[in-house]
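Q: This one is start-v2.cif, mmCIF, C-alpha atoms; chains and numbers go by the auth columns.
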```cif
data_run
#
loop_
_atom_site.group_PDB
_atom_site.id
_atom_site.type_symbol
_atom_site.label_atom_id
_atom_site.label_comp_id
_atom_site.label_asym_id
_atom_site.label_seq_id
_atom_site.Cartn_x
_atom_site.Cartn_y
_atom_site.Cartn_z
_atom_site.B_iso_or_equiv
_atom_site.auth_seq_id
_atom_site.auth_asym_id
ATOM 1 C CA MET A 1 -6.437 39.792 -28.179 0.00 1 A
ATOM 2 C CA LYS A 2 -4.184 36.984 -26.986 0.00 2 A
ATOM 3 C CA LYS A 3 -5.831 34.229 -24.984 0.00 3 A
ATOM 4 C CA VAL A 4 -3.985 33.379 -21.758 0.00 4 A
ATOM 5 C CA THR A 5 -3.810 29.712 -20.861 0.00 5 A
ATOM 6 C CA ARG A 6 -2.323 27.988 -17.837 0.00 6 A
ATOM 7 C CA SER A 7 -0.714 24.609 -17.524 0.00 7 A
ATOM 8 C CA ILE A 8 -2.112 21.864 -15.342 0.00 8 A
ATOM 9 C CA LEU A 9 0.810 22.333 -12.946 0.00 9 A
ATOM 10 C CA GLN A 10 0.015 26.034 -12.604 0.00 10 A
ATOM 11 C CA GLU A 11 -3.598 25.162 -11.864 0.00 11 A
ATOM 12 C CA LEU A 12 -2.579 22.599 -9.231 0.00 12 A
ATOM 13 C CA ASN A 13 -0.239 25.096 -7.588 0.00 13 A
ATOM 14 C CA ASN A 14 -3.021 27.672 -7.438 0.00 14 A
ATOM 15 C CA LEU A 15 -5.558 25.382 -5.770 0.00 15 A
ATOM 16 C CA SER A 16 -6.971 26.829 -2.624 0.00 16 A
ATOM 17 C CA TRP A 17 -5.675 24.778 0.293 0.00 17 A
ATOM 18 C CA THR A 18 -8.463 26.072 2.515 0.00 18 A
ATOM 19 C CA LYS A 19 -11.247 24.301 0.589 0.00 19 A
ATOM 20 C CA ASP A 20 -10.534 20.728 1.578 0.00 20 A
ATOM 21 C CA LYS A 21 -6.956 20.190 2.706 0.00 21 A
ATOM 22 C CA GLU A 22 -7.455 16.686 4.023 0.00 22 A
ATOM 23 C CA SER A 23 -9.107 15.444 0.849 0.00 23 A
ATOM 24 C CA LEU A 24 -6.457 17.014 -1.376 0.00 24 A
ATOM 25 C CA ILE A 25 -3.637 15.563 0.716 0.00 25 A
ATOM 26 C CA ALA A 26 -5.277 12.126 0.809 0.00 26 A
ATOM 27 C CA THR A 27 -5.845 12.120 -2.947 0.00 27 A
ATOM 28 C CA THR A 28 -2.339 13.349 -3.711 0.00 28 A
ATOM 29 C CA GLY A 29 -0.833 10.780 -1.353 0.00 29 A
ATOM 30 C CA HIS A 30 -2.894 8.002 -2.907 0.00 30 A
ATOM 31 C CA ASN A 31 -1.820 9.012 -6.415 0.00 31 A
ATOM 32 C CA LEU A 32 1.839 9.203 -5.405 0.00 32 A
ATOM 33 C CA ILE A 33 1.705 5.760 -3.800 0.00 33 A
ATOM 34 C CA GLU A 34 0.081 4.234 -6.882 0.00 34 A
ATOM 35 C CA SER A 35 2.686 5.900 -9.096 0.00 35 A
ATOM 36 C CA THR A 36 5.483 4.586 -6.891 0.00 36 A
ATOM 37 C CA ILE A 37 4.078 1.052 -7.047 0.00 37 A
ATOM 38 C CA ASN A 38 3.929 1.309 -10.848 0.00 38 A
ATOM 39 C CA LEU A 39 7.503 2.637 -10.932 0.00 39 A
ATOM 40 C CA PHE A 40 8.753 -0.246 -8.768 0.00 40 A
ATOM 41 C CA GLN A 41 7.004 -2.731 -11.073 0.00 41 A
ATOM 42 C CA LYS A 42 8.695 -1.166 -14.104 0.00 42 A
ATOM 43 C CA ILE A 43 12.058 -1.233 -12.325 0.00 43 A
ATOM 44 C CA SER A 44 11.570 -4.937 -11.497 0.00 44 A
ATOM 45 C CA GLU A 45 10.799 -5.697 -15.135 0.00 45 A
ATOM 46 C CA GLN A 46 13.773 -3.731 -16.469 0.00 46 A
ATOM 47 C CA TYR A 47 16.565 -4.549 -14.011 0.00 47 A
ATOM 48 C CA SER A 48 17.986 -7.595 -12.211 0.00 48 A
ATOM 49 C CA ASP A 49 16.725 -8.323 -8.691 0.00 49 A
ATOM 50 C CA GLU A 50 19.858 -6.824 -7.146 0.00 50 A
ATOM 51 C CA GLU A 51 19.712 -3.677 -9.282 0.00 51 A
ATOM 52 C CA ALA A 52 15.982 -3.288 -8.656 0.00 52 A
ATOM 53 C CA MET A 53 16.460 -3.502 -4.885 0.00 53 A
ATOM 54 C CA GLU A 54 19.240 -0.887 -5.078 0.00 54 A
ATOM 55 C CA LEU A 55 17.088 1.494 -7.154 0.00 55 A
ATOM 56 C CA GLU A 56 14.085 1.067 -4.859 0.00 56 A
ATOM 57 C CA ARG A 57 16.304 1.812 -1.848 0.00 57 A
ATOM 58 C CA ARG A 58 17.743 4.879 -3.573 0.00 58 A
ATOM 59 C CA PHE A 59 14.250 6.079 -4.528 0.00 59 A
ATOM 60 C CA ILE A 60 13.006 5.818 -0.936 0.00 60 A
ATOM 61 C CA ASN A 61 16.138 7.552 0.383 0.00 61 A
ATOM 62 C CA SER A 62 15.729 10.299 -2.227 0.00 62 A
ATOM 63 C CA VAL A 63 12.207 10.995 -1.017 0.00 63 A
ATOM 64 C CA ARG A 64 13.244 10.809 2.632 0.00 64 A
ATOM 65 C CA THR A 65 16.138 13.252 2.211 0.00 65 A
ATOM 66 C CA GLY A 66 14.520 15.440 -0.457 0.00 66 A
ATOM 67 C CA ASP A 67 17.373 14.785 -2.886 0.00 67 A
ATOM 68 C CA PRO A 68 16.209 13.361 -6.240 0.00 68 A
ATOM 69 C CA LYS A 69 19.813 13.260 -7.453 0.00 69 A
ATOM 70 C CA LYS A 70 20.423 10.123 -5.353 0.00 70 A
ATOM 71 C CA PHE A 71 17.991 8.132 -7.490 0.00 71 A
ATOM 72 C CA ARG A 72 19.402 9.564 -10.722 0.00 72 A
ATOM 73 C CA ARG A 73 22.942 8.631 -9.639 0.00 73 A
ATOM 74 C CA GLY A 74 21.788 5.048 -9.053 0.00 74 A
ATOM 75 C CA ILE A 75 20.436 4.727 -12.578 0.00 75 A
ATOM 76 C CA THR A 76 23.586 6.320 -14.003 0.00 76 A
ATOM 77 C CA LYS A 77 25.749 3.930 -11.981 0.00 77 A
ATOM 78 C CA ILE A 78 23.882 0.901 -13.368 0.00 78 A
ATOM 79 C CA LYS A 79 24.109 2.223 -16.942 0.00 79 A
ATOM 80 C CA GLU A 80 27.843 2.779 -16.582 0.00 80 A
ATOM 81 C CA SER A 81 28.430 -0.699 -15.173 0.00 81 A
ATOM 82 C CA LYS A 82 26.479 -2.234 -18.077 0.00 82 A
ATOM 83 C CA LYS A 83 28.636 -0.285 -20.571 0.00 83 A
ATOM 84 C CA HIS A 84 31.820 -1.634 -18.979 0.00 84 A
ATOM 85 C CA ASP A 85 30.453 -5.215 -18.922 0.00 85 A
ATOM 86 C CA THR A 86 29.822 -5.291 -22.665 0.00 86 A
#
```
Please lay out the structure from this file as structure tokens.
A:
Amino acid sequence: MKKVTRSILQELNNLSWTKDKESLIATTGHNLIESTINLFQKISEQYSDEEAMELERRFINSVRTGDPKKFRRGITKIKESKKHDT
């Protein structure tokens, strides 16, 4: 008999929202904010001040508009400009 397993993402998607919506939303929001802060720190370490500001702006706009491609395009744009500079 084959054992059925589920991924963590499947488990998170199947959580019952009726149990404690406010707590789940607060915890998820807190985790996302901490992750974003860590991401911005990594960006600041990896890129120049100007590039970091541009990527942070693109990240925030991506979240606001629901379009993650905006952030990806920013990273691609910086990579391409570095290729042409060398």
Q: Under the PyMOL selection byres ((chain A and resi 53-57) around 10), which residues of this model are included? Write them out as a PyMOL selection string.
A: chain A and resi 36+39-40+43-44+47-52+58-62+70-75+78
Q: To one decimal place, how far is atom CA of A:Glu34 from atom CA of A:Val63 in Å?
A: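 Interatomic distance, atom CA of A:Glu34 to atom CA of A:Val63: 15.1 Å.
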Q: Figure out the distance between atom CA of A:His30 and atom CA of A:Gln46, please, to one decimal in Å.
A: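 So the two atoms, atom CA of A:Gln46 and atom CA of A:His30, lie 24.5 Å apart.
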Q: Interatomic distance between atom CA of A:Asn38 and atom CA of A:Thr76?
A: 20.5 Å
Q: Around all the atoms of stretch 55-62 of chain A listed in the file, with 6 Å of room on each side, what axis-aligned box do you get, giving centre and edge lengths in Å to one decimal, as lines of an AutoDock Vina configuration file?
A:
```
center_x = 15.4
center_y = 5.7
center_z = -3.4
size_x = 16.7
size_y = 21.2
size_z = 19.5
```
